[in-house]
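Just model09.cif here, mmCIF, C-alpha atoms:
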```
data_structure
loop_
_atom_site.label_atom_id
_atom_site.label_comp_id
_atom_site.auth_asym_id
_atom_site.auth_seq_id
_atom_site.Cartn_x
_atom_site.Cartn_y
_atom_site.Cartn_z
CA MET T 114 -17.54 35.32 27.21
CA ARG T 115 -18.77 33.24 24.32
CA ARG T 116 -15.99 34.55 22.04
CA PHE T 117 -13.35 33.74 24.69
CA PHE T 118 -14.58 30.14 24.99
CA SER T 119 -14.83 29.46 21.28
CA LEU T 120 -11.33 30.76 20.40
CA PRO T 121 -9.43 28.23 22.60
CA LEU T 122 -11.74 25.45 21.40
CA TRP T 123 -11.14 26.40 17.77
CA LEU T 124 -7.35 26.58 18.30
CA THR T 125 -7.37 23.19 20.00
CA LEU T 126 -9.28 21.65 17.11
CA LEU T 127 -6.92 23.28 14.61
CA VAL T 128 -3.78 22.02 16.35
CA THR T 129 -5.04 18.48 17.00
CA GLY T 130 -6.41 18.21 13.48
CA CYS T 131 -2.99 18.90 12.03
CA ALA T 132 -1.03 16.72 14.43
CA GLY T 133 -1.51 13.49 12.52
CA GLN T 134 -0.90 14.86 9.05
CA VAL T 135 2.24 14.25 7.05
CA GLU T 136 4.03 17.27 5.64
CA ARG T 137 3.01 18.10 2.09
CA GLY T 138 6.59 17.90 0.80
CA ASP T 139 7.02 14.25 1.79
CA SER T 140 6.83 11.80 -1.09
CA LEU T 141 4.49 8.88 -0.70
CA TYR T 142 7.63 6.73 -0.48
CA ALA T 143 8.77 8.74 2.55
CA GLN T 144 5.30 8.52 4.11
CA LEU T 145 5.51 4.73 3.85
CA GLY T 146 8.82 4.80 5.71
CA GLY T 147 11.24 4.72 2.78
CA GLU T 148 13.09 1.53 1.94
CA ALA T 149 12.68 0.03 5.42
CA GLY T 150 8.96 0.80 5.47
CA VAL T 151 8.36 -0.67 2.03
CA ASP T 152 10.33 -3.78 3.02
CA ARG T 153 8.17 -4.20 6.14
CA ILE T 154 4.99 -3.80 4.10
CA VAL T 155 6.16 -6.41 1.58
CA ALA T 156 7.22 -8.83 4.34
CA GLY T 157 3.89 -8.38 6.10
CA LEU T 158 1.99 -8.93 2.88
CA LEU T 159 3.93 -12.14 2.25
CA TRP T 160 2.86 -13.40 5.69
CA GLU T 161 -0.75 -12.49 4.92
CA ILE T 162 -0.56 -14.38 1.62
CA ALA T 163 1.01 -17.42 3.30
CA GLU T 164 -1.78 -17.57 5.89
CA ASP T 165 -4.67 -17.29 3.40
CA SER T 166 -5.14 -20.51 1.42
CA ASP T 167 -7.24 -18.83 -1.30
CA THR T 168 -4.66 -16.13 -1.96
CA ARG T 169 -1.73 -18.49 -1.43
CA ALA T 170 -3.02 -20.66 -4.29
CA LEU T 171 -2.20 -17.85 -6.73
CA PHE T 172 1.46 -18.01 -5.72
CA VAL T 173 2.09 -21.77 -5.88
CA ASP T 174 4.49 -21.55 -8.84
CA THR T 175 5.98 -18.20 -7.83
CA ASP T 176 9.63 -17.59 -7.03
CA ILE T 177 8.89 -15.91 -3.70
CA GLU T 178 12.29 -14.23 -3.36
CA ARG T 179 11.95 -12.68 -6.83
CA PHE T 180 8.36 -11.70 -6.02
CA ARG T 181 9.49 -10.03 -2.80
CA ASN T 182 12.22 -8.09 -4.60
CA LYS T 183 10.07 -7.02 -7.55
CA LEU T 184 7.14 -6.02 -5.34
CA ALA T 185 9.41 -3.88 -3.18
CA GLU T 186 10.92 -2.36 -6.33
CA GLN T 187 7.47 -1.68 -7.77
CA LEU T 188 6.14 -0.12 -4.56
CA CYS T 189 9.25 2.03 -4.38
CA ALA T 190 8.81 3.20 -7.99
CA VAL T 191 5.04 3.77 -7.83
CA THR T 192 5.40 5.87 -4.66
CA ASP T 193 8.02 8.22 -6.14
CA GLY T 194 10.95 6.51 -4.46
CA PRO T 195 14.41 6.25 -6.01
CA CYS T 196 13.71 2.93 -7.78
CA VAL T 197 12.93 1.93 -11.33
CA TYR T 198 10.67 -1.09 -11.71
CA THR T 199 12.45 -3.68 -13.86
CA GLY T 200 9.96 -6.52 -13.60
CA ASP T 201 7.48 -7.79 -16.15
CA SER T 202 4.31 -5.86 -16.91
CA MET T 203 1.33 -6.59 -14.69
CA ARG T 204 -0.62 -7.88 -17.68
CA GLU T 205 2.16 -10.31 -18.64
CA THR T 206 2.75 -11.43 -15.06
CA HIS T 207 -0.91 -12.19 -14.35
CA ARG T 208 -2.30 -13.30 -17.74
CA HIS T 209 -2.12 -17.04 -16.98
CA LEU T 210 -3.41 -16.76 -13.39
CA GLN T 211 -7.04 -15.82 -14.14
CA VAL T 212 -7.20 -13.60 -11.05
CA THR T 213 -10.78 -12.76 -10.04
CA SER T 214 -11.98 -9.47 -8.59
CA ALA T 215 -12.66 -11.28 -5.30
CA GLN T 216 -9.05 -12.48 -5.15
CA PHE T 217 -7.76 -9.03 -6.04
CA ASN T 218 -9.92 -7.45 -3.34
CA ARG T 219 -8.78 -10.04 -0.81
CA LEU T 220 -5.15 -9.15 -1.50
CA VAL T 221 -5.98 -5.44 -1.19
CA SER T 222 -7.60 -6.15 2.20
CA SER T 223 -4.42 -7.93 3.26
CA LEU T 224 -2.35 -4.94 2.16
CA ILE T 225 -4.59 -2.60 4.17
CA ARG T 226 -4.20 -4.78 7.28
CA VAL T 227 -0.42 -4.71 6.91
CA MET T 228 -0.36 -0.93 6.45
CA GLU T 229 -2.53 -0.51 9.55
CA GLN T 230 -0.19 -2.77 11.53
CA GLU T 231 2.73 -0.64 10.31
CA GLN T 232 0.81 2.49 11.37
CA ILE T 233 0.94 4.03 7.89
CA PRO T 234 -1.16 7.22 7.89
CA VAL T 235 -4.58 6.72 6.31
CA GLY T 236 -3.90 9.38 3.70
CA ALA T 237 -0.76 7.55 2.59
CA GLN T 238 -2.66 4.25 2.54
CA ASN T 239 -5.33 5.76 0.31
CA ALA T 240 -2.74 7.33 -1.99
CA LEU T 241 -0.97 3.99 -2.44
CA LEU T 242 -4.22 2.12 -3.00
CA GLN T 243 -5.25 4.67 -5.62
CA ARG T 244 -2.00 4.17 -7.51
CA LEU T 245 -2.25 0.39 -7.31
CA ALA T 246 -5.93 0.42 -8.36
CA ALA T 247 -4.81 1.68 -11.76
CA MET T 248 -3.31 -1.81 -12.31
CA HIS T 249 -6.61 -3.61 -11.67
CA GLY T 250 -7.42 -4.06 -15.36
CA ASP T 251 -4.02 -5.59 -16.06
CA ILE T 252 -4.26 -8.04 -13.15
CA VAL T 253 -7.90 -9.17 -13.03
CA ALA T 254 -9.07 -11.53 -15.78
CA GLU T 255 -12.81 -10.80 -15.55
#
```
Render the structure in this file as structure tokens.
Amino acid sequence: MRRFFSLPLWLTLLVTGCAGQVERGDSLYAQLGGEAGVDRIVAGLLWEIAEDSDTRALFVDTDIERFRNKLAEQLCAVTDGPCVYTGDSMRETHRHLQVTSAQFNRLVSSLIRVMEQEQIPVGAQNALLQRLAAMHGDIVAE
């Protein structure tokens, strides 16, 4: 009887554990929702920036439309989408801003909130954050 009970339980756990996973063949770009998903993430992040006075201060002299386009292009490229990033290097873009680790982390928290609102799978969120974390040294002045 014990074997009979544990087999259905094990199968249930196996099936429900796999239900929320994205197929291995999907690129990170596809997991984010492709072009439409990246555009929603960028739009959401812009709203987050606009509502946070500390973060917003970093963007006072920024051409927001260009920023929106280049960020979408960069997210597309860094997630194996069909784009090539044509913007300035992260070091060049941020050298005069003196971005602190606290400001960087605040922006990352905003990005996480947006991805959660967009119901991006946690694995895809982590994969994107890992790729973006590689840029930390080029963005943060400390």
Quick check on the file I pasted: which residues fall under the PyMOL selection byres ((chain T and resi 224) around 9)? Write them as a list in words.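 Selected by the PyMOL selection byres ((chain T and resi 224) around 9) in this file: Ile154, Val155, Gly157, Leu158, Glu161, Arg219, Leu220, Val221, Ser222, Ser223, Ile225, Arg226, Val227, Met228, Glu229 and Leu242 of chain T.
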What is the CA of Tyr142 in chain T to CA of Glu178 in chain T distance in Å?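 One can read the CA of Tyr142 in chain T to CA of Glu178 in chain T distance as 21.7 Å.
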With the file shown as input, list the residues that the PyMOL selection byres ((chain T and resi 171) around 10) selects, as a PyMOL selection string. chain T and resi 162+166-170+172-175+207+210-212+216
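Between Ala149 in chain T and the residues T:Ala185, T:Gln230, T:Ser202, T:Pro195, the shortest atom-to-atom distance, using all atoms listed in the file, involves T:Ala185.
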What's the separation between CA of Asp139 in chain T and CA of Gly236 in chain T, in Å to one decimal place?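 Between these atoms lies a distance of 12.1 Å.
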Could you jot down the CA of Glu164 in chain T to CA of Ser214 in chain T separation for me, Å, one decimal place?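 Value for the CA of Glu164 in chain T-CA of Ser214 in chain T distance: 19.5 Å.
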Identify the residues within 9 Å of coordinate (9.0, 0.6, -4.4) (same frame as the file), considering all atoms listed in the file, and give the answer as a VMD selection string. chain T and resid 142 147 to 148 151 to 152 183 to 198
Could you tell me which of T:Ala237, T:Ala156, T:Val253, T:Leu145 comes closest to Thr213 in chain T if we count all atoms listed in the file?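 Smallest separation from Thr213 in chain T among the options: T:Val253.
Residue nearest Glu255 in chain T within the list T:Ile177, T:Ala215, T:Leu241, T:Ala163: T:Ala215 [criterion: smallest interatomic distance, all atoms listed in the file].
The nearest approach to His209 in chain T among the residues T:Gln238, T:Ala254, T:Ala143, T:Asp176, with all atoms listed in the file taken into account, belongs to T:Ala254.
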Could the centre and edge lengths of an axis-aligned box, enclosing all atoms of range 146-153 of chain T in the file with 3 Å extra on each side, be given in Å to one decimal as lines of an AutoDock Vina configuration file?
```
center_x = 10.6
center_y = 0.3
center_z = 4.0
size_x = 10.9
size_y = 15.0
size_z = 10.2
```
Shortest interatomic distance to Arg181 in chain T - which of T:Asp251, T:Gln243, T:Asp165, T:Leu159, counting all atoms listed in the file: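 So, comparing all the options, the nearest one is T:Leu159.
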